[in-house]
Amino acid sequence: MKTFNVPVIYRSPLISAIKNQRKQQDRMKKDFTPTTLDFGPLKILLARHFGFCYGVENAIEIAFKTVDENPDKRIFLLSEMIHNPHVNNDLLERGVQFIMDTAGNQLVPWETLQSDDIVIIPAFGTTIETENKLASLGIEPLKYNTTCPFVERVWNKAEQIGKKSYTVIVHGKPKHEETRATFSHSQSNTPTVVVKDMAETEKLARYITGETPAESFYEVFKGQYSPGFDVTKDLQRVGVVNQTTMLATETQAIADYIRQVIVAHYGLTEANAEERFADTRDTLCYATNDNQSAVIGMLEEAADLAIVVGGYNSSNTSHLVELCEEKLPTYFISAPEQMHSTNQVDHWDFHHKKEIHSNTFLPEKNQVTILLTSGASCPDALVEGVIRRLLSFYGLEHKADELAIVD
C-alpha cells in the first residue's frame with residue numbers, strides 16, 4: 001500500500017516500532033489480539049490496528065503540500081479536513097480557512113471567494129451541489145480533492161445499482177459530511193433514503209410491506225429522502241450502502257433485515273432475491289473493519305477499563321467507544337492532558353454530546369490493565385502521549401523508551 005508524507009509531529013517512533021513488529025509477525029492481518037505492554041503496576045493492551053488510515057494520510061499529505069506550495073494564495077477547506085482537532089488546528093494555524101462547519105453551516109460567504117482561491121475538498125468528500133457552486137465561482141472543484149477512495153467506492157456502488165433501477169438505502173448519520181455527500185451523489189442517479197440505525201430501518205421496512213400508511217413517510221423521514229421520492233414505488237427494489245465509518249455489525253444487520261423483509265414480502269427465495277435486493281456487499285473501508293475487529297479481539301482479554309483516543313465528532317472513533325462500553329468502563333479522550341491523575345479524568349460522553357469529569361479513573365490494585373486504541377483520524381503521537389501520561393502516574397515514564405513487548 002502507498003506510503004504518504006505526513007508531518008513528523010503526527011508520527012511516533014514508539015508506535016511505529018510496535019506496528020512494524022506486528023506487521024512482520026502477521027502480514028495477512030489475521031491476528032487481532034492486542035500487543036501487551038507490561039510495566040509491572042501498569043499493563044497496557046494496545047489494539048492490533050488503530051490510528052491513521054489510508055484516506056486520512058492521503059488527505060493530510062495533499063492539504064499540507066498544498067499549503068507549502070502556495071504561500072501567496074488564500075487556501076480554504078470546505079469543512080474540517082478530518083475529525084481530529086489537532087490536525088484541523090494545525091491547518092488553521094497555517095492560515096487555512098474553513099468555509100463551513102461540520103453541520104454544513106456557512107462560515108465564509110460564497111460571494112467572498114475569488115477564482116484564484118484554492119479550495120480543498122476534505123476526506124469525507126462533498127455534495128454535487130457544492131461542486132457546482134465552486135465551478136460557478138470559477139474555482140475548479142476537484143483540483144485539490146482529498147476525498148477518501150473508500151468513500152468514492154461507495155458512490156460508485158450506489159451508481160452501479162442505481163443504474164439497475166434499485167433505490168439506494170444509505171446507512172449513515174444524516175447530518176454527517178460523508179453521508180450528505182453520499183446522499184447527493186446517489187440521488188443524482190436513483191431515489192435515495194438515509195437510515196441512521198436499526199430503529200429507523202424497521203420503520204422503513206413497514207413502508208415496504210405497507211403496514212404503515214405511505215403518506216406518513218414524508219414526515220417520519222423528513223430531510224432524509226431524495227426529491228420526488230415515491231414511497232409506494234421506490235421501495236420495491238433496494239440496495240444498502242453505508243457511511244464508511246459506521247459500526248460494521250450494525251450495517252450488516254440492517255442489510256440482512258431489509259433483505260429478509262423484501263424476500264418475505266415478495267415471496268422470493270435465496271436464488272432469486274436479487275430481483276428486488278441488490279448485492280452491494282460490504283462498503284465499509286478496510287480501516288473501519290480492521291479497527292473494529294481489533295477492538296473485538298482486544299475485548300476478549302481481561303482488563304479493568306478501556307481508553308479510546310480521538311476527535312469527539314469522529315464517527316469511527318465513537319463506534320470503537322460503543323464496542324468497548326459493552327464490556328468495560330470506557331474513557332473517550334482527545335488528548336493525554338485530559339488524564340489529570342489516577343483519580344481525575346475529563347472525557348467525552350458521546351451519548352449526551354458533552355464532556356464530563358470523573359473523580360474515579362484508575363483502580364487501586366497491584367496491577368491495572370488498560371485496553372487502549374484510537375480512531376482512524378488520530379495521530380499516533382497522541383497515543384504515545386497517552387502511554388507516557390499513564391506511566392507518569394506510576395513514576396515510570398522512562399519505561400516508554402525501553403518498551404518490552406511481551407507476545
# chains A, B, ... in the order shown; residues from 1 in each chain; ligands from 1
$ residues_around --residues "A:Gly228" --least-positions-apart "3" --cutoff "12 Å" --atoms "only C-alpha atoms" --output "PyMOL selection string"
chain A and resi 187-188+190-193+218+225+231-234
$ write_last_selection --atoms "N, CA, C and O atoms" --output "compact mmCIF listing (two decimals), in the first residue's frame"
# COMPACT_ATOMS: atom_id res chain seq x y z
N GLN A 187 -28.43 10.30 -5.11
CA GLN A 187 -29.72 10.79 -5.59
C GLN A 187 -29.65 11.35 -7.01
O GLN A 187 -30.68 11.51 -7.67
N SER A 188 -28.44 11.59 -7.50
CA SER A 188 -28.31 12.06 -8.88
C SER A 188 -28.55 10.92 -9.87
O SER A 188 -28.74 11.16 -11.07
N THR A 190 -30.52 7.82 -8.67
CA THR A 190 -31.64 6.96 -8.29
C THR A 190 -32.29 7.48 -7.01
O THR A 190 -31.64 8.22 -6.26
N PRO A 191 -33.55 7.13 -6.74
CA PRO A 191 -34.15 7.52 -5.46
C PRO A 191 -33.31 7.01 -4.30
O PRO A 191 -32.78 5.90 -4.34
N THR A 192 -33.17 7.83 -3.26
CA THR A 192 -32.27 7.52 -2.15
C THR A 192 -32.90 7.93 -0.83
O THR A 192 -33.54 8.97 -0.74
N VAL A 193 -32.70 7.12 0.20
CA VAL A 193 -33.18 7.43 1.54
C VAL A 193 -32.10 7.04 2.54
O VAL A 193 -31.37 6.07 2.33
N TYR A 218 -43.22 10.81 4.61
CA TYR A 218 -42.58 12.08 4.27
C TYR A 218 -42.33 12.96 5.49
O TYR A 218 -41.46 13.84 5.44
N TYR A 225 -34.74 11.89 2.39
CA TYR A 225 -35.07 11.22 1.13
C TYR A 225 -34.89 12.20 -0.02
O TYR A 225 -34.93 13.42 0.15
N VAL A 231 -42.84 6.70 -2.12
CA VAL A 231 -42.71 5.58 -1.19
C VAL A 231 -43.50 4.36 -1.65
O VAL A 231 -43.16 3.22 -1.30
N THR A 232 -44.52 4.54 -2.48
CA THR A 232 -45.32 3.40 -2.95
C THR A 232 -44.61 2.63 -4.07
O THR A 232 -44.96 1.48 -4.35
N LYS A 233 -43.62 3.25 -4.72
CA LYS A 233 -42.92 2.60 -5.84
C LYS A 233 -41.43 2.40 -5.58
O LYS A 233 -40.85 1.40 -6.02
N ASP A 234 -40.83 3.35 -4.87
CA ASP A 234 -39.37 3.37 -4.81
C ASP A 234 -38.75 2.43 -3.77
O ASP A 234 -37.53 2.39 -3.62
$ residues_around --residues "stretch 109-126 of chain A" --least-positions-apart "4" --cutoff "9 Å" --atoms "only C-alpha atoms" --output "ChimeraX atom specification"
/A:55-56,58-60,62-63,66,70,73-82,99,130-131,133-134,137-149,151-152,176-182,184-185
$ write_last_selection --atoms "C-alpha atoms" --output "PDB file, in the first residue's frame"
ATOM      1  CA  GLY A  55      -7.712   8.093   3.417  1.00  0.00           C
ATOM      2  CA  VAL A  56      -6.624  10.272   6.327  1.00  0.00           C
ATOM      3  CA  ASN A  58      -3.771  10.898   1.803  1.00  0.00           C
ATOM      4  CA  ALA A  59      -5.829  13.925   2.849  1.00  0.00           C
ATOM      5  CA  ILE A  60      -3.163  15.240   5.222  1.00  0.00           C
ATOM      6  CA  ILE A  62      -2.406  16.768  -0.033  1.00  0.00           C
ATOM      7  CA  ALA A  63      -3.505  19.520   2.369  1.00  0.00           C
ATOM      8  CA  THR A  66      -0.936  22.476  -0.972  1.00  0.00           C
ATOM      9  CA  ASN A  70       1.024  28.096  -2.393  1.00  0.00           C
ATOM     10  CA  LYS A  73      -2.670  32.269  -2.126  1.00  0.00           C
ATOM     11  CA  ARG A  74      -5.729  32.116   0.052  1.00  0.00           C
ATOM     12  CA  ILE A  75      -6.445  28.476   0.930  1.00  0.00           C
ATOM     13  CA  PHE A  76      -9.803  27.180   2.109  1.00  0.00           C
ATOM     14  CA  LEU A  77     -11.162  23.847   3.254  1.00  0.00           C
ATOM     15  CA  LEU A  78     -14.833  23.145   2.639  1.00  0.00           C
ATOM     16  CA  SER A  79     -15.048  21.977   6.269  1.00  0.00           C
ATOM     17  CA  GLU A  80     -12.821  20.142   8.735  1.00  0.00           C
ATOM     18  CA  MET A  81     -10.123  18.123   6.955  1.00  0.00           C
ATOM     19  CA  ILE A  82     -10.766  15.133   9.207  1.00  0.00           C
ATOM     20  CA  ILE A  99     -15.831  27.567   4.541  1.00  0.00           C
ATOM     21  CA  THR A 130     -21.184  22.248  -3.616  1.00  0.00           C
ATOM     22  CA  GLU A 131     -19.041  21.150  -6.567  1.00  0.00           C
ATOM     23  CA  LYS A 133     -21.246  26.122  -6.601  1.00  0.00           C
ATOM     24  CA  LEU A 134     -17.447  26.182  -6.731  1.00  0.00           C
ATOM     25  CA  LEU A 137     -17.316  30.867  -8.913  1.00  0.00           C
ATOM     26  CA  GLY A 138     -14.597  29.932 -11.393  1.00  0.00           C
ATOM     27  CA  ILE A 139     -12.922  27.516  -8.967  1.00  0.00           C
ATOM     28  CA  GLU A 140     -12.062  24.064 -10.308  1.00  0.00           C
ATOM     29  CA  PRO A 141     -13.862  21.917  -7.694  1.00  0.00           C
ATOM     30  CA  LEU A 142     -11.795  18.734  -7.906  1.00  0.00           C
ATOM     31  CA  LYS A 143      -8.307  20.196  -8.366  1.00  0.00           C
ATOM     32  CA  TYR A 144      -7.496  19.810  -4.658  1.00  0.00           C
ATOM     33  CA  ASN A 145      -9.605  16.798  -3.834  1.00  0.00           C
ATOM     34  CA  THR A 146      -8.755  14.677  -0.790  1.00  0.00           C
ATOM     35  CA  THR A 147     -11.913  12.533  -0.862  1.00  0.00           C
ATOM     36  CA  CYS A 148     -11.107   9.106   0.544  1.00  0.00           C
ATOM     37  CA  PRO A 149     -11.011   6.416  -2.180  1.00  0.00           C
ATOM     38  CA  VAL A 151     -15.859   6.874   0.142  1.00  0.00           C
ATOM     39  CA  GLU A 152     -15.715   7.136  -3.640  1.00  0.00           C
ATOM     40  CA  HIS A 176     -22.502  13.769   8.790  1.00  0.00           C
ATOM     41  CA  GLU A 177     -20.468  15.290   5.939  1.00  0.00           C
ATOM     42  CA  GLU A 178     -19.790  11.914   4.349  1.00  0.00           C
ATOM     43  CA  THR A 179     -23.421  10.835   4.441  1.00  0.00           C
ATOM     44  CA  ARG A 180     -24.533  14.162   2.979  1.00  0.00           C
ATOM     45  CA  ALA A 181     -22.006  13.692   0.161  1.00  0.00           C
ATOM     46  CA  THR A 182     -23.014  10.075  -0.477  1.00  0.00           C
ATOM     47  CA  SER A 184     -26.055  13.797  -3.002  1.00  0.00           C
ATOM     48  CA  HIS A 185     -24.121  11.566  -5.384  1.00  0.00           C
TER      49      HIS A 185
END
$ closest_residue --among "A:Tyr266, A:Asn88, A:Arg48, A:Gln292" --to "A:Gln25" --atoms "only C-alpha atoms"
A:Arg48
$ closest_residue --among "A:Thr249, A:Ile296, A:Asn313, A:Leu390" --to "A:Ser341" --atoms "only C-alpha atoms"
A:Leu390
$ closest_residue --among "A:Gly95, A:Gly310, A:Gly223, A:Pro336" --to "A:Gly51" --atoms "only C-alpha atoms"
A:Gly310
$ atom_distance --atom1 "atom CA of A:Val263" --atom2 "atom CA of A:Arg281"
17.1 Å
$ residues_around --residues "A:His347" --least-positions-apart "5" --cutoff "7 Å" --atoms "only C-alpha atoms" --output "VMD selection string"
chain A and resid 331 to 333 355 to 357
$ write_last_selection --atoms "all heavy atoms" --output "PDB file, in the first residue's frame"
ATOM      1  N   TYR A 331     -13.256   5.347  28.667  1.00  0.00           N
ATOM      2  CA  TYR A 331     -12.983   6.773  28.693  1.00  0.00           C
ATOM      3  C   TYR A 331     -12.577   7.230  27.299  1.00  0.00           C
ATOM      4  O   TYR A 331     -11.570   6.781  26.754  1.00  0.00           O
ATOM      5  CB  TYR A 331     -11.890   7.085  29.716  1.00  0.00           C
ATOM      6  CG  TYR A 331     -12.290   6.687  31.121  1.00  0.00           C
ATOM      7  CD1 TYR A 331     -11.996   5.410  31.607  1.00  0.00           C
ATOM      8  CD2 TYR A 331     -12.999   7.561  31.937  1.00  0.00           C
ATOM      9  CE1 TYR A 331     -12.384   5.023  32.878  1.00  0.00           C
ATOM     10  CE2 TYR A 331     -13.395   7.179  33.214  1.00  0.00           C
ATOM     11  CZ  TYR A 331     -13.089   5.916  33.678  1.00  0.00           C
ATOM     12  OH  TYR A 331     -13.485   5.529  34.934  1.00  0.00           O
ATOM     13  N   PHE A 332     -13.371   8.119  26.728  1.00  0.00           N
ATOM     14  CA  PHE A 332     -13.169   8.659  25.381  1.00  0.00           C
ATOM     15  C   PHE A 332     -12.503  10.011  25.550  1.00  0.00           C
ATOM     16  O   PHE A 332     -13.118  10.965  26.019  1.00  0.00           O
ATOM     17  CB  PHE A 332     -14.537   8.770  24.707  1.00  0.00           C
ATOM     18  CG  PHE A 332     -14.530   9.259  23.275  1.00  0.00           C
ATOM     19  CD1 PHE A 332     -13.367   9.551  22.589  1.00  0.00           C
ATOM     20  CD2 PHE A 332     -15.739   9.420  22.602  1.00  0.00           C
ATOM     21  CE1 PHE A 332     -13.390   9.990  21.279  1.00  0.00           C
ATOM     22  CE2 PHE A 332     -15.781   9.853  21.283  1.00  0.00           C
ATOM     23  CZ  PHE A 332     -14.609  10.146  20.623  1.00  0.00           C
ATOM     24  N   ILE A 333     -11.215  10.104  25.192  1.00  0.00           N
ATOM     25  CA  ILE A 333     -10.467  11.350  25.369  1.00  0.00           C
ATOM     26  C   ILE A 333      -9.869  11.792  24.036  1.00  0.00           C
ATOM     27  O   ILE A 333      -9.668  10.985  23.136  1.00  0.00           O
ATOM     28  CB  ILE A 333      -9.349  11.205  26.429  1.00  0.00           C
ATOM     29  CG1 ILE A 333      -8.291  10.178  25.978  1.00  0.00           C
ATOM     30  CG2 ILE A 333      -9.938  10.803  27.782  1.00  0.00           C
ATOM     31  CD1 ILE A 333      -7.082  10.086  26.885  1.00  0.00           C
ATOM     32  N   GLU A 355     -18.691  16.908  27.493  1.00  0.00           N
ATOM     33  CA  GLU A 355     -17.526  16.439  28.227  1.00  0.00           C
ATOM     34  C   GLU A 355     -17.866  16.369  29.704  1.00  0.00           C
ATOM     35  O   GLU A 355     -18.502  17.276  30.240  1.00  0.00           O
ATOM     36  CB  GLU A 355     -16.336  17.380  27.998  1.00  0.00           C
ATOM     37  CG  GLU A 355     -15.020  16.822  28.535  1.00  0.00           C
ATOM     38  CD  GLU A 355     -13.818  17.655  28.124  1.00  0.00           C
ATOM     39  OE1 GLU A 355     -13.645  18.747  28.709  1.00  0.00           O
ATOM     40  OE2 GLU A 355     -13.069  17.225  27.225  1.00  0.00           O
ATOM     41  N   ILE A 356     -17.463  15.304  30.341  1.00  0.00           N
ATOM     42  CA  ILE A 356     -17.750  15.139  31.762  1.00  0.00           C
ATOM     43  C   ILE A 356     -16.456  14.911  32.532  1.00  0.00           C
ATOM     44  O   ILE A 356     -15.432  14.523  31.963  1.00  0.00           O
ATOM     45  CB  ILE A 356     -18.729  13.969  32.015  1.00  0.00           C
ATOM     46  CG1 ILE A 356     -18.179  12.655  31.434  1.00  0.00           C
ATOM     47  CG2 ILE A 356     -20.090  14.283  31.438  1.00  0.00           C
ATOM     48  CD1 ILE A 356     -19.079  11.459  31.667  1.00  0.00           C
ATOM     49  N   HIS A 357     -16.514  15.176  33.837  1.00  0.00           N
ATOM     50  CA  HIS A 357     -15.350  14.980  34.716  1.00  0.00           C
ATOM     51  C   HIS A 357     -15.646  13.823  35.655  1.00  0.00           C
ATOM     52  O   HIS A 357     -16.709  13.774  36.270  1.00  0.00           O
ATOM     53  CB  HIS A 357     -15.064  16.245  35.519  1.00  0.00           C
ATOM     54  CG  HIS A 357     -13.893  16.117  36.431  1.00  0.00           C
ATOM     55  ND1 HIS A 357     -12.593  16.271  35.998  1.00  0.00           N
ATOM     56  CD2 HIS A 357     -13.822  15.820  37.760  1.00  0.00           C
ATOM     57  CE1 HIS A 357     -11.770  16.099  37.025  1.00  0.00           C
ATOM     58  NE2 HIS A 357     -12.492  15.820  38.096  1.00  0.00           N
TER      59      HIS A 357
END
$ residues_around --residues "A:Phe32" --least-positions-apart "3" --cutoff "7 Å" --atoms "only C-alpha atoms" --output "list of chain:residue names"
A:Arg48, A:Ser293, A:Ala294, A:Gly297
$ select_by_dssp --residues "stretch 36-118 of chain A" --states "strand (DSSP E or B)" --output "list in words"
Thr36, Leu37, Asp38, Leu42, Lys43, Ile44, Leu45, Leu46, Ile75, Phe76, Leu77, Gln97, Phe98, Met100, Gln106 and Ile118 of chain A
$ write_last_selection --atoms "all heavy atoms" --output "compact mmCIF listing (two decimals), in the first residue's frame"
# COMPACT_ATOMS: atom_id res chain seq x y z
N THR A 36 0.78 -6.58 24.10
CA THR A 36 0.87 -6.40 25.56
C THR A 36 2.10 -5.59 25.92
O THR A 36 3.23 -5.96 25.58
CB THR A 36 0.91 -7.76 26.27
OG1 THR A 36 -0.27 -8.50 25.95
CG2 THR A 36 0.98 -7.57 27.78
N LEU A 37 1.89 -4.50 26.61
CA LEU A 37 2.98 -3.66 27.14
C LEU A 37 2.90 -3.77 28.66
O LEU A 37 2.04 -3.15 29.29
CB LEU A 37 2.81 -2.21 26.69
CG LEU A 37 2.59 -1.99 25.18
CD1 LEU A 37 2.37 -0.51 24.89
CD2 LEU A 37 3.75 -2.53 24.37
N ASP A 38 3.80 -4.55 29.24
CA ASP A 38 3.73 -4.84 30.67
C ASP A 38 4.77 -4.02 31.42
O ASP A 38 5.98 -4.21 31.25
CB ASP A 38 3.98 -6.34 30.91
CG ASP A 38 3.57 -6.77 32.31
OD1 ASP A 38 3.55 -5.91 33.22
OD2 ASP A 38 3.28 -7.97 32.49
N LEU A 42 1.36 -1.34 35.87
CA LEU A 42 0.50 -0.92 34.77
C LEU A 42 0.72 -1.84 33.57
O LEU A 42 1.85 -2.04 33.13
CB LEU A 42 0.80 0.52 34.37
CG LEU A 42 0.04 1.07 33.15
CD1 LEU A 42 -1.44 1.23 33.46
CD2 LEU A 42 0.64 2.40 32.70
N LYS A 43 -0.37 -2.40 33.07
CA LYS A 43 -0.30 -3.21 31.84
C LYS A 43 -1.23 -2.58 30.82
O LYS A 43 -2.40 -2.32 31.11
CB LYS A 43 -0.72 -4.65 32.10
CG LYS A 43 -0.63 -5.53 30.84
CD LYS A 43 -1.30 -6.89 31.02
CE LYS A 43 -0.52 -7.78 31.94
NZ LYS A 43 -1.10 -9.15 31.99
N ILE A 44 -0.69 -2.30 29.64
CA ILE A 44 -1.48 -1.71 28.55
C ILE A 44 -1.62 -2.73 27.44
O ILE A 44 -0.62 -3.27 26.95
CB ILE A 44 -0.82 -0.42 28.02
CG1 ILE A 44 -0.79 0.65 29.12
CG2 ILE A 44 -1.59 0.10 26.80
CD1 ILE A 44 -0.04 1.91 28.73
N LEU A 45 -2.84 -3.01 27.05
CA LEU A 45 -3.12 -3.88 25.92
C LEU A 45 -3.48 -2.99 24.74
O LEU A 45 -4.56 -2.39 24.71
CB LEU A 45 -4.26 -4.86 26.24
CG LEU A 45 -4.02 -5.76 27.46
CD1 LEU A 45 -5.21 -6.68 27.68
CD2 LEU A 45 -2.75 -6.58 27.28
N LEU A 46 -2.56 -2.89 23.79
CA LEU A 46 -2.70 -1.96 22.67
C LEU A 46 -3.33 -2.69 21.49
O LEU A 46 -2.88 -3.76 21.07
CB LEU A 46 -1.31 -1.44 22.29
CG LEU A 46 -1.20 -0.28 21.32
CD1 LEU A 46 -1.88 0.96 21.86
CD2 LEU A 46 0.27 0.01 21.02
N ILE A 75 -6.11 29.91 0.98
CA ILE A 75 -6.45 28.48 0.93
C ILE A 75 -7.61 28.20 1.87
O ILE A 75 -7.61 28.61 3.04
CB ILE A 75 -5.23 27.61 1.30
CG1 ILE A 75 -4.07 27.88 0.32
CG2 ILE A 75 -5.60 26.13 1.29
CD1 ILE A 75 -2.80 27.16 0.67
N PHE A 76 -8.61 27.51 1.34
CA PHE A 76 -9.80 27.18 2.11
C PHE A 76 -10.03 25.67 2.12
O PHE A 76 -9.67 24.97 1.17
CB PHE A 76 -11.04 27.84 1.49
CG PHE A 76 -11.00 29.34 1.48
CD1 PHE A 76 -10.40 30.03 0.43
CD2 PHE A 76 -11.57 30.08 2.51
CE1 PHE A 76 -10.36 31.41 0.40
CE2 PHE A 76 -11.54 31.47 2.49
CZ PHE A 76 -10.94 32.14 1.43
N LEU A 77 -10.62 25.20 3.19
CA LEU A 77 -11.16 23.85 3.25
C LEU A 77 -12.68 23.97 3.29
O LEU A 77 -13.22 24.88 3.94
CB LEU A 77 -10.67 23.13 4.51
CG LEU A 77 -9.43 22.24 4.37
CD1 LEU A 77 -8.81 21.97 5.72
CD2 LEU A 77 -9.82 20.93 3.69
N GLN A 97 -8.55 28.46 5.97
CA GLN A 97 -9.86 28.84 6.50
C GLN A 97 -10.89 27.78 6.15
O GLN A 97 -10.84 27.19 5.07
CB GLN A 97 -10.31 30.18 5.91
CG GLN A 97 -9.37 31.34 6.18
CD GLN A 97 -9.87 32.62 5.53
OE1 GLN A 97 -10.96 33.11 5.83
NE2 GLN A 97 -9.08 33.16 4.62
N PHE A 98 -11.84 27.55 7.07
CA PHE A 98 -12.93 26.60 6.82
C PHE A 98 -14.13 27.36 6.27
O PHE A 98 -14.57 28.35 6.86
CB PHE A 98 -13.33 25.87 8.09
CG PHE A 98 -12.27 24.93 8.61
CD1 PHE A 98 -12.30 24.49 9.93
CD2 PHE A 98 -11.24 24.49 7.80
CE1 PHE A 98 -11.33 23.62 10.42
CE2 PHE A 98 -10.26 23.61 8.27
CZ PHE A 98 -10.31 23.19 9.59
N MET A 100 -17.20 25.97 5.77
CA MET A 100 -18.38 25.53 6.52
C MET A 100 -17.95 24.79 7.77
O MET A 100 -16.81 24.31 7.86
CB MET A 100 -19.24 24.59 5.65
CG MET A 100 -19.93 25.25 4.49
SD MET A 100 -20.83 24.06 3.45
CE MET A 100 -19.49 23.48 2.38
N GLN A 106 -22.59 27.85 6.99
CA GLN A 106 -21.62 28.68 6.29
C GLN A 106 -20.80 29.53 7.26
O GLN A 106 -21.35 30.23 8.12
CB GLN A 106 -22.34 29.58 5.29
CG GLN A 106 -21.49 30.03 4.13
CD GLN A 106 -21.32 28.93 3.08
OE1 GLN A 106 -22.09 27.98 3.04
NE2 GLN A 106 -20.32 29.07 2.23
N ILE A 118 -7.76 28.81 -3.55
CA ILE A 118 -7.65 27.35 -3.53
C ILE A 118 -8.68 26.80 -2.54
O ILE A 118 -8.74 27.25 -1.39
CB ILE A 118 -6.24 26.90 -3.12
CG1 ILE A 118 -5.24 27.24 -4.24
CG2 ILE A 118 -6.20 25.40 -2.80
CD1 ILE A 118 -3.80 26.97 -3.87
$ select_by_dssp --residues "stretch 27-265 of chain A" --states "alpha helix (DSSP H)" --output "ChimeraX atom specification"
/A:54-69,85-93,128-136,149-162,177-187,198-209,217-220,248-265
$ atom_distance --atom1 "atom CA of A:Tyr10" --atom2 "atom CA of A:His86"
9.3 Å
$ atom_distance --atom1 "atom CA of A:Asp230" --atom2 "atom CA of A:Thr167"
10.6 Å
$ residues_around --residues "A:Gly162" --least-positions-apart "3" --cutoff "9 Å" --atoms "only C-alpha atoms" --output "ChimeraX atom specification"
/A:157-159,165-168,186-187,189-191,238-239
$ closest_residue --among "A:Cys285, A:Ile9, A:Leu328, A:Val386" --to "A:Val309" --atoms "only C-alpha atoms"
A:Val386
$ residues_around --residues "A:Val240" --least-positions-apart "5" --cutoff "6 Å" --atoms "only C-alpha atoms" --output "list in words"
Val168, Ile169, Val170 and Ala255 of chain A
